[in-house]
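K.L.:
So here's query-v8.tsv, just TSV, C-alpha atoms:
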chain	number	residue	atom	x	y	z
A	1	MET	CA	32.58	-60.80	-40.87
A	2	LYS	CA	30.67	-58.00	-39.13
A	3	ASN	CA	31.57	-59.41	-35.68
A	4	ILE	CA	35.25	-59.62	-36.64
A	5	ARG	CA	35.22	-55.98	-37.75
A	6	MET	CA	33.53	-54.95	-34.50
A	7	LYS	CA	36.13	-56.84	-32.48
A	8	ARG	CA	38.95	-55.22	-34.46
A	9	THR	CA	37.39	-51.79	-33.93
A	10	GLY	CA	37.06	-52.47	-30.22
A	11	LEU	CA	40.70	-53.57	-29.99
A	12	ILE	CA	41.84	-50.44	-31.83
A	13	LEU	CA	39.82	-48.24	-29.45
A	14	LEU	CA	41.34	-50.04	-26.45
A	15	LEU	CA	44.85	-49.50	-27.81
A	16	ILE	CA	44.13	-45.83	-28.47
A	17	GLY	CA	42.84	-45.47	-24.91
A	18	PHE	CA	45.92	-47.23	-23.57
A	19	PHE	CA	48.36	-44.92	-25.36
A	20	LEU	CA	46.35	-41.83	-24.44
A	21	GLY	CA	46.57	-43.03	-20.86
A	22	LEU	CA	50.34	-43.16	-21.13
A	23	ASN	CA	50.42	-39.59	-22.39
A	24	ASN	CA	48.29	-38.50	-19.44
A	25	PHE	CA	50.46	-40.30	-16.91
A	26	SER	CA	49.13	-40.24	-13.36
A	27	VAL	CA	51.12	-41.54	-10.42
A	28	GLY	CA	47.78	-42.12	-8.69
A	29	GLN	CA	46.84	-42.78	-5.08
A	30	LYS	CA	49.66	-40.72	-3.61
A	31	THR	CA	49.69	-38.14	-0.83
A	32	VAL	CA	52.21	-35.31	-0.60
A	33	LEU	CA	52.93	-32.60	1.96
A	34	ILE	CA	53.66	-29.13	0.57
A	35	TYR	CA	55.69	-27.37	3.26
A	36	THR	CA	56.35	-23.60	3.15
A	37	ARG	CA	57.74	-22.48	6.50
A	38	ASN	CA	60.20	-19.59	6.56
A	39	GLY	CA	62.12	-18.77	9.69
A	40	GLU	CA	63.40	-15.31	10.58
A	41	GLY	CA	64.83	-13.64	7.49
A	42	TYR	CA	63.91	-13.08	3.86
A	43	VAL	CA	60.56	-14.53	2.77
A	44	HIS	CA	59.84	-14.98	-0.95
A	45	LYS	CA	56.67	-13.48	-2.42
A	46	ASN	CA	56.22	-16.54	-4.63
A	47	ILE	CA	54.92	-18.93	-1.97
A	48	LYS	CA	51.21	-18.49	-2.65
A	49	ALA	CA	51.68	-18.92	-6.41
A	50	SER	CA	53.90	-21.96	-5.93
A	51	VAL	CA	51.38	-23.63	-3.62
A	52	GLU	CA	48.49	-23.00	-6.01
A	53	ALA	CA	50.48	-24.43	-8.92
A	54	LEU	CA	51.48	-27.50	-6.92
A	55	LYS	CA	47.90	-28.10	-5.78
A	56	GLU	CA	46.65	-27.85	-9.36
A	57	MET	CA	49.40	-30.22	-10.49
A	58	ALA	CA	48.41	-32.69	-7.79
A	59	GLU	CA	44.74	-32.54	-8.74
A	60	ASP	CA	45.57	-33.09	-12.41
A	61	HIS	CA	47.51	-36.25	-11.56
A	62	ASN	CA	45.25	-37.79	-8.92
A	63	ILE	CA	47.49	-36.86	-5.99
A	64	GLU	CA	46.21	-35.71	-2.62
A	65	ALA	CA	48.11	-32.61	-1.51
A	66	GLU	CA	48.19	-31.12	1.96
A	67	VAL	CA	49.75	-27.72	2.70
A	68	SER	CA	51.45	-26.67	5.92
A	69	ASN	CA	53.84	-24.09	7.35
A	70	ASP	CA	53.63	-25.61	10.83
A	71	PRO	CA	56.82	-27.41	11.93
A	72	GLU	CA	54.76	-29.27	14.55
A	73	ASP	CA	53.52	-31.44	11.68
A	74	PHE	CA	56.97	-32.99	11.54
A	75	THR	CA	56.54	-36.03	13.72
A	76	ARG	CA	57.50	-39.57	12.84
A	77	GLU	CA	53.86	-40.67	12.98
A	78	ASN	CA	52.54	-37.86	10.78
A	79	LEU	CA	55.23	-38.07	8.10
A	80	ALA	CA	54.58	-41.78	7.70
A	81	GLY	CA	51.37	-40.82	5.88
A	82	TYR	CA	53.12	-39.01	3.01
A	83	ASP	CA	54.59	-40.44	-0.17
A	84	ALA	CA	56.67	-37.28	-0.68
A	85	LEU	CA	57.57	-34.00	1.00
A	86	ILE	CA	57.75	-30.85	-1.14
A	87	PHE	CA	59.65	-27.93	0.42
A	88	SER	CA	58.25	-25.09	-1.66
A	89	ASN	CA	60.36	-21.98	-1.08
A	90	THR	CA	61.09	-22.73	2.53
A	91	ASN	CA	63.93	-20.58	3.82
A	92	ASN	CA	65.99	-19.91	6.95
A	93	ASP	CA	64.99	-22.18	9.86
A	94	ALA	CA	62.42	-24.66	8.57
A	95	PHE	CA	62.10	-26.23	12.02
A	96	THR	CA	61.96	-25.11	15.64
A	97	SER	CA	63.15	-28.22	17.47
A	98	GLU	CA	65.54	-31.14	17.26
A	99	GLU	CA	62.59	-33.54	17.45
A	100	GLN	CA	61.18	-32.10	14.22
A	101	ARG	CA	64.52	-32.42	12.48
A	102	LEU	CA	64.88	-35.98	13.69
A	103	ALA	CA	61.44	-36.78	12.25
A	104	LEU	CA	62.70	-35.70	8.82
A	105	VAL	CA	65.86	-37.78	9.24
A	106	HIS	CA	63.78	-40.84	10.13
A	107	TYR	CA	61.47	-40.25	7.17
A	108	MET	CA	64.36	-40.09	4.69
A	109	GLU	CA	66.18	-43.05	6.26
A	110	ALA	CA	62.95	-45.05	5.94
A	111	GLY	CA	62.91	-44.42	2.18
A	112	GLY	CA	61.17	-41.06	1.92
A	113	ARG	CA	60.94	-38.89	-1.19
A	114	PHE	CA	61.84	-35.22	-1.12
A	115	VAL	CA	61.42	-32.30	-3.54
A	116	GLY	CA	63.02	-28.90	-2.93
A	117	ILE	CA	62.09	-25.76	-4.85
A	118	HIS	CA	64.15	-22.56	-5.22
A	119	SER	CA	64.96	-21.17	-1.74
A	120	ALA	CA	64.64	-24.60	-0.13
A	121	CYS	CA	68.44	-24.64	-0.46
A	122	GLY	CA	68.49	-21.67	1.94
A	123	SER	CA	66.73	-23.69	4.63
A	124	GLU	CA	68.50	-25.04	7.69
A	125	ARG	CA	71.80	-23.34	6.90
A	126	ASN	CA	73.38	-24.58	10.13
A	127	TRP	CA	72.51	-28.24	9.57
A	128	PRO	CA	75.01	-30.29	7.52
A	129	TRP	CA	72.69	-33.32	7.31
A	130	PHE	CA	70.12	-31.17	5.48
A	131	TRP	CA	72.76	-29.85	3.06
A	132	SER	CA	73.76	-33.40	2.20
A	133	MET	CA	70.18	-34.65	1.88
A	134	LEU	CA	69.05	-31.77	-0.36
A	135	GLY	CA	72.30	-31.86	-2.33
A	136	GLY	CA	73.73	-28.42	-1.48
A	137	THR	CA	73.16	-25.21	0.46
A	138	PHE	CA	72.70	-21.62	-0.69
A	139	ILE	CA	75.70	-19.30	-0.59
A	140	ARG	CA	74.78	-16.36	-2.90
A	141	HIS	CA	73.09	-15.43	-6.17
A	142	ALA	CA	73.68	-13.11	-9.10
A	143	HIS	CA	71.20	-10.27	-9.57
A	144	PHE	CA	67.88	-11.10	-11.25
A	145	GLN	CA	68.37	-11.30	-15.03
A	146	GLU	CA	67.86	-13.36	-18.15
A	147	PHE	CA	70.42	-16.10	-18.68
A	148	ASP	CA	70.70	-19.45	-20.43
A	149	LEU	CA	70.10	-22.88	-18.97
A	150	LYS	CA	71.55	-26.07	-20.42
A	151	PRO	CA	69.81	-29.44	-20.01
A	152	ILE	CA	72.44	-31.98	-18.98
A	153	ASP	CA	70.40	-35.20	-19.08
A	154	LYS	CA	67.57	-34.99	-21.61
A	155	SER	CA	66.32	-38.41	-20.54
A	156	HIS	CA	65.19	-37.00	-17.20
A	157	PRO	CA	61.47	-36.08	-17.16
A	158	SER	CA	62.20	-32.65	-15.62
A	159	VAL	CA	64.09	-31.49	-18.73
A	160	ALA	CA	62.93	-33.87	-21.48
A	161	HIS	CA	60.65	-31.17	-22.95
A	162	LEU	CA	63.45	-28.62	-23.36
A	163	GLY	CA	65.59	-27.78	-26.35
A	164	GLU	CA	69.36	-27.35	-26.27
A	165	THR	CA	69.04	-23.98	-24.51
A	166	TRP	CA	66.38	-22.58	-22.19
A	167	HIS	CA	66.30	-18.77	-21.90
A	168	TRP	CA	65.17	-17.98	-18.37
A	169	ASP	CA	64.75	-14.96	-16.07
A	170	ASP	CA	65.76	-15.66	-12.48
A	171	GLU	CA	68.38	-15.30	-9.79
A	172	CYS	CA	71.25	-17.60	-10.69
A	173	TYR	CA	71.75	-19.48	-7.44
A	174	TYR	CA	75.21	-20.54	-6.33
A	175	MET	CA	75.42	-23.32	-3.77
A	176	ASN	CA	78.22	-25.02	-1.95
A	177	HIS	CA	78.48	-28.31	-0.03
A	178	LEU	CA	77.29	-29.92	-3.26
A	179	ASN	CA	76.68	-33.63	-2.79
A	180	PRO	CA	78.91	-35.56	-5.24
A	181	ALA	CA	76.10	-38.10	-5.64
A	182	ASN	CA	73.84	-35.49	-7.27
A	183	HIS	CA	72.78	-36.39	-10.80
A	184	VAL	CA	72.76	-32.96	-12.46
A	185	VAL	CA	69.94	-32.51	-14.97
A	186	LEU	CA	70.07	-28.74	-15.58
A	187	ALA	CA	72.86	-26.15	-15.33
A	188	ALA	CA	73.34	-22.40	-15.75
A	189	ASP	CA	75.55	-21.28	-18.61
A	190	LEU	CA	77.72	-18.83	-16.67
A	191	THR	CA	78.97	-17.18	-19.85
A	192	THR	CA	75.47	-15.64	-20.11
A	193	VAL	CA	75.27	-14.50	-16.46
A	194	LYS	CA	76.37	-10.98	-15.58
A	195	ASP	CA	77.99	-11.29	-12.17
A	196	GLU	CA	80.81	-9.09	-10.92
A	197	LYS	CA	81.42	-11.40	-7.94
A	198	ARG	CA	81.89	-14.58	-9.93
A	199	LYS	CA	85.65	-14.45	-9.28
A	200	GLU	CA	84.88	-14.83	-5.58
A	201	TYR	CA	82.46	-17.75	-6.05
A	202	PRO	CA	82.11	-20.00	-7.97
A	203	ALA	CA	85.25	-18.73	-9.73
A	204	HIS	CA	86.51	-21.49	-12.06
A	205	ILE	CA	85.54	-24.47	-9.95
A	206	PHE	CA	82.83	-25.60	-12.37
A	207	GLY	CA	84.06	-24.06	-15.59
A	208	ASP	CA	81.16	-22.31	-17.32
A	209	LEU	CA	78.35	-24.55	-16.10
A	210	PHE	CA	76.85	-24.50	-12.61
A	211	PRO	CA	74.27	-27.10	-11.49
A	212	LEU	CA	70.78	-25.69	-10.81
A	213	ALA	CA	68.67	-28.85	-10.78
A	214	TRP	CA	69.48	-32.43	-9.89
A	215	SER	CA	68.06	-35.75	-8.80
A	216	ARG	CA	69.53	-38.42	-6.59
A	217	GLU	CA	68.73	-41.94	-5.50
A	218	THR	CA	69.18	-42.24	-1.75
A	219	THR	CA	69.70	-45.57	-0.02
A	220	HIS	CA	65.97	-46.27	-0.09
A	221	GLY	CA	64.27	-43.18	-1.58
A	222	ARG	CA	64.70	-40.23	-3.94
A	223	VAL	CA	65.48	-36.49	-3.92
A	224	PHE	CA	64.86	-33.83	-6.57
A	225	TYR	CA	65.86	-30.16	-6.31
A	226	THR	CA	65.51	-27.18	-8.64
A	227	ALA	CA	66.90	-23.71	-7.95
A	228	LEU	CA	64.45	-22.09	-10.39
A	229	GLY	CA	61.22	-20.31	-9.46
A	230	HIS	CA	61.93	-16.91	-7.91
A	231	GLU	CA	59.01	-14.99	-9.42
A	232	PRO	CA	55.30	-15.73	-8.76
A	233	GLU	CA	54.78	-15.62	-12.53
A	234	ASP	CA	57.11	-18.59	-12.96
A	235	TYR	CA	54.40	-20.87	-11.54
A	236	SER	CA	52.16	-20.22	-14.53
A	237	ASP	CA	54.94	-20.70	-17.10
A	238	PRO	CA	54.25	-23.94	-19.07
A	239	LYS	CA	57.92	-24.92	-19.41
A	240	PHE	CA	58.60	-24.39	-15.73
A	241	ILE	CA	55.45	-26.31	-14.74
A	242	LYS	CA	56.64	-29.26	-16.87
A	243	HIS	CA	60.06	-28.97	-15.25
A	244	LEU	CA	58.54	-29.09	-11.77
A	245	TRP	CA	56.12	-31.89	-12.53
A	246	GLY	CA	58.89	-33.92	-14.18
A	247	GLY	CA	60.90	-33.79	-10.94
A	248	ILE	CA	57.90	-34.64	-8.77
A	249	GLN	CA	56.89	-37.44	-11.12
A	250	TRP	CA	60.40	-38.89	-11.00
A	251	VAL	CA	60.37	-38.87	-7.20
A	252	LEU	CA	56.93	-40.48	-6.94
A	253	GLU	CA	57.69	-43.18	-9.51
A	254	ASP	CA	59.93	-44.81	-6.91
A	255	GLU	CA	58.21	-48.06	-5.91
A	256	GLY	CA	60.15	-48.51	-2.69
A	257	GLU	CA	58.24	-48.64	0.57
A	258	ILE	CA	58.72	-46.17	3.42
A	259	ASP	CA	59.76	-48.56	6.17
A	260	TYR	CA	60.59	-47.11	9.58
A	261	ASP	CA	62.19	-50.38	10.68
A	262	ARG	CA	65.20	-49.24	8.62
A	263	THR	CA	65.79	-46.06	10.64
A	264	THR	CA	68.69	-46.03	13.05
A	265	THR	CA	69.45	-42.38	13.90
A	266	GLN	CA	68.63	-41.51	17.50
A	267	SER	CA	69.63	-37.84	17.56
A	268	VAL	CA	70.40	-34.89	15.31
A	269	LYS	CA	73.53	-32.77	15.71
A	270	LEU	CA	73.65	-29.22	14.44
A	271	VAL	CA	76.95	-27.65	13.46
A	272	GLU	CA	77.17	-23.98	12.53
A	273	SER	CA	78.32	-23.39	8.98
A	274	LYS	CA	81.59	-21.50	8.54
Would you give me this structure, written as structure tokens?
P.N.:
Amino acid sequence: MKNIRMKRTGLILLLIGFFLGLNNFSVGQKTVLIYTRNGEGYVHKNIKASVEALKEMAEDHNIEAEVSNDPEDFTRENLAGYDALIFSNTNNDAFTSEEQRLALVHYMEAGGRFVGIHSACGSERNWPWFWSMLGGTFIRHAHFQEFDLKPIDKSHPSVAHLGETWHWDDECYYMNHLNPANHVVLAADLTTVKDEKRKEYPAHIFGDLFPLAWSRETTHGRVFYTALGHEPEDYSDPKFIKHLWGGIQWVLEDEGEIDYDRTTTQSVKLVESK
């Protein structure tokens, strides 16, 4: 009888450990590149805070994180070593050559995973391929203020922790060239945004909701983008950290392999935006 009780106790402890392990989910054995390059133009003051938060997140979830602002790191050979690329507040020209851009194209065609944060949508504004890959490109924002956010898909890990409304202080980003394949997970409630130029854009195109975070399955990989995160203080806000990690987790959960045999693009064409 004593042995049976001990076995039952051991089984219960194993089950408790199993469920605790689920609650402390770790993607494990992954390597990500945190990229922060800003070309000529406005540079956000949040980059250091965002990098520190991302590094801490990676450490907490058994992920190796490397940080770079050097576009020379974008080669086909180097990118093959990363399970995901995180463009943390990149802006303006993220690259300095066509070869670097082509390396990113090859990486995504091979099944790469990509995360963009805040001003990443202001990167590569003359490159339509990048707009499509990220899901949109920056056009303007309302002045910094408090406004309401509405979770659109509560099943997505980036917003599963939120209630019906999230009160947030930020710049409400407006983007165009929105990819119709985007799966919107979070939107701004424009009835709570003070913006005298709304009649110019976005006007009534999207009613009273404008997408600020989305995910998308690519042919072989995944993309997640959030427009939030203007202030350095945001990167110590628990709700925002859960939002970020939920997007990164979703991207890294993809079990597909990055296979360069699938890549076909031989060149990259830039077209100036109008």
K.L.:
Quick one: residues within 8 Å of (55.5, -24.9, -6.6) (file frame), counting all atoms listed in the file, please, as a VMD selection string.
P.N.:
chain A and resid 47 49 to 54 88 to 89 117 229 235 244
K.L.:
With only C-alpha atoms as the atoms that count, which of A:Phe74, A:Phe210, A:Phe87, A:Tyr42 lies nearest to A:Tyr225?
P.N.:
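Smallest separation from A:Tyr225 among the options: A:Phe87.
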K.L.:
Counting only C-alpha atoms, note down every residue that has an atom within 7 Å of the point (67.5, -45.4, 7.1) (file coordinates), as a VMD selection string.
P.N.:
chain A and resid 106 108 to 111 262 to 264
K.L.:
Mind dumping the selected residues with C-alpha atoms as a compact mmCIF listing (two decimals), in the frame of the given file?
P.N.:
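What landed in result38.txt:
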# COMPACT_ATOMS: atom_id res chain seq x y z
CA HIS A 106 63.78 -40.84 10.13
CA MET A 108 64.36 -40.09 4.69
CA GLU A 109 66.18 -43.05 6.26
CA ALA A 110 62.95 -45.05 5.94
CA GLY A 111 62.91 -44.42 2.18
CA ARG A 262 65.20 -49.24 8.62
CA THR A 263 65.79 -46.06 10.64
CA THR A 264 68.69 -46.03 13.05
K.L.:
In Å, rounded to a single decimal, give me how far atom CA of A:Val32 is from atom CA of A:Leu85.
P.N.:
5.7 Å
K.L.:
Compare A:His118, A:His183, A:Lys242, A:Arg198 by their minimum atom-to-atom distance to A:Ser215, counting only C-alpha atoms, and give me the closest one.
P.N.:
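Smallest separation from A:Ser215 among the options: A:His183.
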K.L.:
When distances are computed from all atoms listed in the file, which of A:Ile139, A:Val185, A:Leu212, A:Val159 shows the smallest separation from A:Phe240?
P.N.:
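Ranked by minimum distance to A:Phe240, first place goes to A:Val159.
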K.L.:
With distances taken over all atoms listed in the file, which residue among A:Val184, A:Lys30, A:Gly39, A:Glu77 lies nearest A:Asp259?
P.N.:
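Among A:Val184, A:Lys30, A:Gly39, A:Glu77, it is A:Glu77 that comes nearest to A:Asp259.
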K.L.:
Which residues are close to A:Arg76, i.e. within 10 Å by only C-alpha atoms, leaving aside same-chain residues fewer than 5 positions away? Reply as a list in words.
P.N.:
Gly81, Glu99, Gln100, Leu102, Ala103, Leu104, Val105, His106, Tyr107 and Tyr260 of chain A
K.L.:
Excluding stretch 216-222 of chain A and residues on its chain fewer than 6 positions from it, collect all residues at most 9 Å away from it, counting only C-alpha atoms, and give them as an MDAnalysis selection string.
P.N.:
chainID A and resid 108:115 133 135 181:184 250:252 254:258
K.L.:
Quick one: distance from atom CA of A:Leu79 to atom CA of A:Glu98 in Å, one decimal?
P.N.:
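Between atom CA of A:Leu79 and atom CA of A:Glu98 the gap works out to 15.4 Å.
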K.L.:
When you look at stretch 59-69 of chain A with a cut-off of 6 Å (counting all atoms listed in the file), what residues show up, excluding the ones that are within fewer than 4 positions of it in the same chain? I need them as a VMD selection string.
P.N.:
chain A and resid 26 28 30 to 37
K.L.:
Neighbours of A:Glu40 within 9 Å (only C-alpha atoms; same-chain residues fewer than 2 positions away dropped), as a PyMOL selection string?
P.N.:
chain A and resi 38+42-43+91-93
K.L.:
For each of A:Lys199, A:Leu149, A:Glu171, A:Ser155, take the minimum atom-to-atom distance to A:Ala187, counting all atoms listed in the file, then give the residue where this is smallest.
P.N.:
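Of A:Lys199, A:Leu149, A:Glu171, A:Ser155, the one nearest A:Ala187 is A:Leu149, counting all atoms listed in the file.
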K.L.:
Given the block above, output stretch 68-97 of chain A with C-alpha atoms as a PDB file, in the first residue's frame.
P.N.:
ATOM      1  CA  SER A  68      23.354  44.229 -34.767  1.00  0.00           C
ATOM      2  CA  ASN A  69      22.955  47.555 -36.562  1.00  0.00           C
ATOM      3  CA  ASP A  70      25.397  46.539 -39.295  1.00  0.00           C
ATOM      4  CA  PRO A  71      23.755  45.877 -42.679  1.00  0.00           C
ATOM      5  CA  GLU A  72      26.845  43.896 -43.702  1.00  0.00           C
ATOM      6  CA  ASP A  73      25.462  41.090 -41.539  1.00  0.00           C
ATOM      7  CA  PHE A  74      22.785  40.570 -44.165  1.00  0.00           C
ATOM      8  CA  THR A  75      24.303  37.860 -46.292  1.00  0.00           C
ATOM      9  CA  ARG A  76      22.644  34.648 -47.365  1.00  0.00           C
ATOM     10  CA  GLU A  77      25.181  32.598 -45.400  1.00  0.00           C
ATOM     11  CA  ASN A  78      24.842  34.589 -42.177  1.00  0.00           C
ATOM     12  CA  LEU A  79      21.045  34.780 -42.139  1.00  0.00           C
ATOM     13  CA  ALA A  80      20.833  31.011 -42.526  1.00  0.00           C
ATOM     14  CA  GLY A  81      21.897  30.767 -38.881  1.00  0.00           C
ATOM     15  CA  TYR A  82      18.838  32.585 -37.493  1.00  0.00           C
ATOM     16  CA  ASP A  83      15.412  31.198 -36.664  1.00  0.00           C
ATOM     17  CA  ALA A  84      13.923  34.710 -36.741  1.00  0.00           C
ATOM     18  CA  LEU A  85      14.825  38.311 -37.523  1.00  0.00           C
ATOM     19  CA  ILE A  86      13.516  41.057 -35.221  1.00  0.00           C
ATOM     20  CA  PHE A  87      13.589  44.577 -36.687  1.00  0.00           C
ATOM     21  CA  SER A  88      13.403  46.594 -33.480  1.00  0.00           C
ATOM     22  CA  ASN A  89      12.658  50.224 -34.346  1.00  0.00           C
ATOM     23  CA  THR A  90      14.617  50.215 -37.554  1.00  0.00           C
ATOM     24  CA  ASN A  91      13.757  53.236 -39.680  1.00  0.00           C
ATOM     25  CA  ASN A  92      14.597  54.889 -43.003  1.00  0.00           C
ATOM     26  CA  ASP A  93      17.106  52.853 -45.046  1.00  0.00           C
ATOM     27  CA  ALA A  94      17.742  49.599 -43.192  1.00  0.00           C
ATOM     28  CA  PHE A  95      20.233  48.499 -45.851  1.00  0.00           C
ATOM     29  CA  THR A  96      22.998  50.023 -47.944  1.00  0.00           C
ATOM     30  CA  SER A  97      23.136  47.657 -50.915  1.00  0.00           C
TER      31      SER A  97
END
